[in-house]
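Trainee: Let me give you the structure first, and then I'll get to my questions.
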Amino acid sequence: MTEPEFDTEGLFNDDYLHFYGELIDARSDGETELIWNLLGLEPGTELLDLACGHGRLANRLAARGCQVTGLDYTEVFLEHARADAETRGVQVEYVLGDMRELSWINRFDAVINWFTAFGYFSDEENRRVLEQVHNALRPGGKFVLELNNIVNLLPRYQASVVWQVGEDMAIDQHRLDPVTFRSVVERTLIRDGRVRRVRYSVRFFAFPELRDWLRQAGFREVEGCGEDGGPLTAEHRRMIVVAQR
């Protein structure tokens, strides 16, 4: 089977923040509160924000007293994260790295992976990410992933989605591959009169499959929640999976 197509540099850059940064920033205070409560965080908790992006959650959790490390593959995101941390007067260790190759062993009390930041790679490599997270957690530590709730998404899955910021546009053409269960996307970006295209795909997961993967990676308890923190239902648009080492 061929490797999934994922143009990381083409997807995650300043254009991404231009089109989607304000949208996801508006969610950050509420999501920080949800993470805090779901994981039972407290000041002094050592936490890894895996695929931290521009630090919108890492910096808020640090402001609440967590000892936060943020890892991301994209330097431009980390630059924004560090600048925001300085503005907020918080300390976060930001690391440029690949989630498939984590160097930490028994280091963190909690790991978060938020806003569909999992499923970029082949199934083998995605499983490796879960194993790496398990190893990075201390015994009893918790891992939380936030993804699309595929049960809710499939009936409204669209072939085309358009985002607009002023005169700029991002146009996504979606195709669902039923064999790999990946959403294959061609994104056309029109910004300041320039046009470019980027292709990527993301693996979809139903809860039972991801629960089984997490257990096979060594996690003991796995629970599914919706975006309100309650038990996962078909009505929830987002799926939050909480796993304990």
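We label chains A, B, ... in the order they appear in the structure tokens, count residues from 1 in each chain, and number ligands from 1 in the order shown.
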As number ranges by chain, list the residues of region 134-221 of chain A assigned to helix (DSSP H, G or I) by DSSP on the backbone atoms of this structure.
Mentor: A: 134-136, 150-156, 207-216
Trainee: Which neighbours of His236 (chain A) fall inside 9 Å, counting only C-alpha atoms, when residues of the same chain fewer than 6 positions from it are skipped, and could you give them as an mmCIF file with all heavy atoms, in the first residue's frame?
Mentor:
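Now in result-v2.cif:
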data_model
loop_
_atom_site.group_PDB
_atom_site.id
_atom_site.type_symbol
_atom_site.label_atom_id
_atom_site.label_comp_id
_atom_site.auth_asym_id
_atom_site.auth_seq_id
_atom_site.Cartn_x
_atom_site.Cartn_y
_atom_site.Cartn_z
ATOM 1 N N ASN A 149 -15.987 13.507 15.263
ATOM 2 C CA ASN A 149 -16.825 12.351 15.568
ATOM 3 C C ASN A 149 -17.377 11.841 14.247
ATOM 4 O O ASN A 149 -18.303 12.418 13.673
ATOM 5 C CB ASN A 149 -17.957 12.735 16.513
ATOM 6 C CG ASN A 149 -18.865 11.560 16.845
ATOM 7 O OD1 ASN A 149 -18.524 10.404 16.574
ATOM 8 N ND2 ASN A 149 -20.023 11.853 17.413
ATOM 9 N N VAL A 151 -19.190 9.438 13.316
ATOM 10 C CA VAL A 151 -20.599 9.058 13.254
ATOM 11 C C VAL A 151 -21.456 10.277 12.912
ATOM 12 O O VAL A 151 -22.428 10.192 12.159
ATOM 13 C CB VAL A 151 -21.044 8.426 14.587
ATOM 14 C CG1 VAL A 151 -22.532 8.138 14.591
ATOM 15 C CG2 VAL A 151 -20.252 7.147 14.848
ATOM 16 N N ASN A 152 -21.076 11.421 13.466
ATOM 17 C CA ASN A 152 -21.797 12.655 13.195
ATOM 18 C C ASN A 152 -21.382 13.285 11.870
ATOM 19 O O ASN A 152 -22.210 13.877 11.160
ATOM 20 C CB ASN A 152 -21.565 13.646 14.342
ATOM 21 C CG ASN A 152 -22.342 14.932 14.186
ATOM 22 O OD1 ASN A 152 -21.902 15.846 13.485
ATOM 23 N ND2 ASN A 152 -23.484 15.013 14.836
ATOM 24 N N CYS A 225 -15.737 10.895 24.909
ATOM 25 C CA CYS A 225 -16.568 12.023 25.320
ATOM 26 C C CYS A 225 -16.897 12.876 24.094
ATOM 27 O O CYS A 225 -16.262 12.760 23.045
ATOM 28 C CB CYS A 225 -15.846 12.909 26.340
ATOM 29 S SG CYS A 225 -15.234 12.046 27.799
ATOM 30 N N GLY A 226 -17.877 13.731 24.250
ATOM 31 C CA GLY A 226 -18.191 14.727 23.245
ATOM 32 C C GLY A 226 -17.574 16.063 23.604
ATOM 33 O O GLY A 226 -16.889 16.195 24.624
ATOM 34 N N GLU A 227 -17.841 17.080 22.784
ATOM 35 C CA GLU A 227 -17.230 18.391 22.995
ATOM 36 C C GLU A 227 -17.736 19.102 24.252
ATOM 37 O O GLU A 227 -17.133 20.080 24.703
ATOM 38 C CB GLU A 227 -17.449 19.292 21.779
ATOM 39 C CG GLU A 227 -18.902 19.616 21.474
ATOM 40 C CD GLU A 227 -19.533 18.613 20.533
ATOM 41 O OE1 GLU A 227 -18.949 17.529 20.306
ATOM 42 O OE2 GLU A 227 -20.625 18.922 20.014
ATOM 43 N N ASP A 228 -18.826 18.579 24.847
ATOM 44 C CA ASP A 228 -19.319 19.137 26.103
ATOM 45 C C ASP A 228 -18.760 18.410 27.320
ATOM 46 O O ASP A 228 -19.099 18.745 28.462
ATOM 47 C CB ASP A 228 -20.848 19.108 26.129
ATOM 48 C CG ASP A 228 -21.411 17.699 25.944
ATOM 49 O OD1 ASP A 228 -20.610 16.741 25.794
ATOM 50 O OD2 ASP A 228 -22.645 17.550 25.931
#
Trainee: Neighbours of region 91-105 of chain A within 9 Å (only C-alpha atoms; same-chain residues fewer than 5 positions away dropped), as a CSV table (one decimal) with C-alpha atoms, in the first residue's frame?
Mentor:
chain,number,residue,atom,x,y,z
A,50,LEU,CA,1.6,17.4,21.0
A,51,ALA,CA,1.2,19.2,17.7
A,52,CYS,CA,0.8,22.4,19.7
A,55,GLY,CA,0.4,27.7,21.2
A,58,ALA,CA,-0.2,25.5,25.7
A,59,ASN,CA,0.1,29.2,26.7
A,62,ALA,CA,0.8,27.5,31.4
A,63,ALA,CA,-1.1,30.6,32.6
A,67,GLN,CA,4.5,23.1,33.4
A,68,VAL,CA,4.0,22.9,29.7
A,69,THR,CA,6.1,21.6,26.8
A,70,GLY,CA,4.8,22.2,23.3
A,71,LEU,CA,6.0,20.1,20.3
A,72,ASP,CA,5.3,20.9,16.7
A,73,TYR,CA,6.8,20.1,13.3
A,74,THR,CA,6.3,23.7,12.0
A,75,GLU,CA,8.8,26.4,12.9
A,78,LEU,CA,6.4,27.8,17.1
A,81,ALA,CA,3.7,30.4,20.0
A,82,ARG,CA,6.8,31.9,21.6
A,85,ALA,CA,3.9,33.3,25.4
A,86,GLU,CA,6.0,36.3,25.9
A,125,GLU,CA,3.2,5.3,12.0
A,126,ASN,CA,-0.1,6.5,13.6
A,128,ARG,CA,3.8,4.4,16.6
A,129,VAL,CA,2.6,7.9,17.8
A,130,LEU,CA,0.4,6.3,20.3
A,131,GLU,CA,3.2,4.1,21.6
A,132,GLN,CA,5.5,7.1,21.8
A,133,VAL,CA,2.9,9.0,23.9
A,134,HIS,CA,2.5,6.0,26.2
A,135,ASN,CA,6.2,5.9,26.8
A,136,ALA,CA,6.4,9.7,27.4
A,137,LEU,CA,3.7,9.5,30.2
A,138,ARG,CA,4.3,8.6,33.8
Trainee: Of the residues A:Glu79, A:Asp49, A:Glu146, A:Glu223, which is the one nearest to Asp14 (chain A), using only C-alpha atoms?
Mentor: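 Of the candidates, the smallest distance to Asp14 (chain A) is held by A:Glu79.
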Trainee: May I have all residues of region 40-172 of chain A that DSSP, computed from the backbone, assigns to strand (DSSP E), given as an MDAnalysis selection string?
Mentor: chainID A and resid 46:50 67:72 92:96 108:113 137:148 160:165 168:172
Trainee: Which of these, A:Ile24, A:Leu189, A:Ala117, A:Ala83, has the shortest distance to Gln173 (chain A) once you count only C-alpha atoms?
Mentor: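 For Gln173 (chain A), the nearest of the candidates is A:Leu189.
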Trainee: Could you check which of A:Ile35, A:Leu17, A:Met169, A:Ala110 is closest to Arg245 (chain A), using only C-alpha atoms?
Mentor: A:Ala110
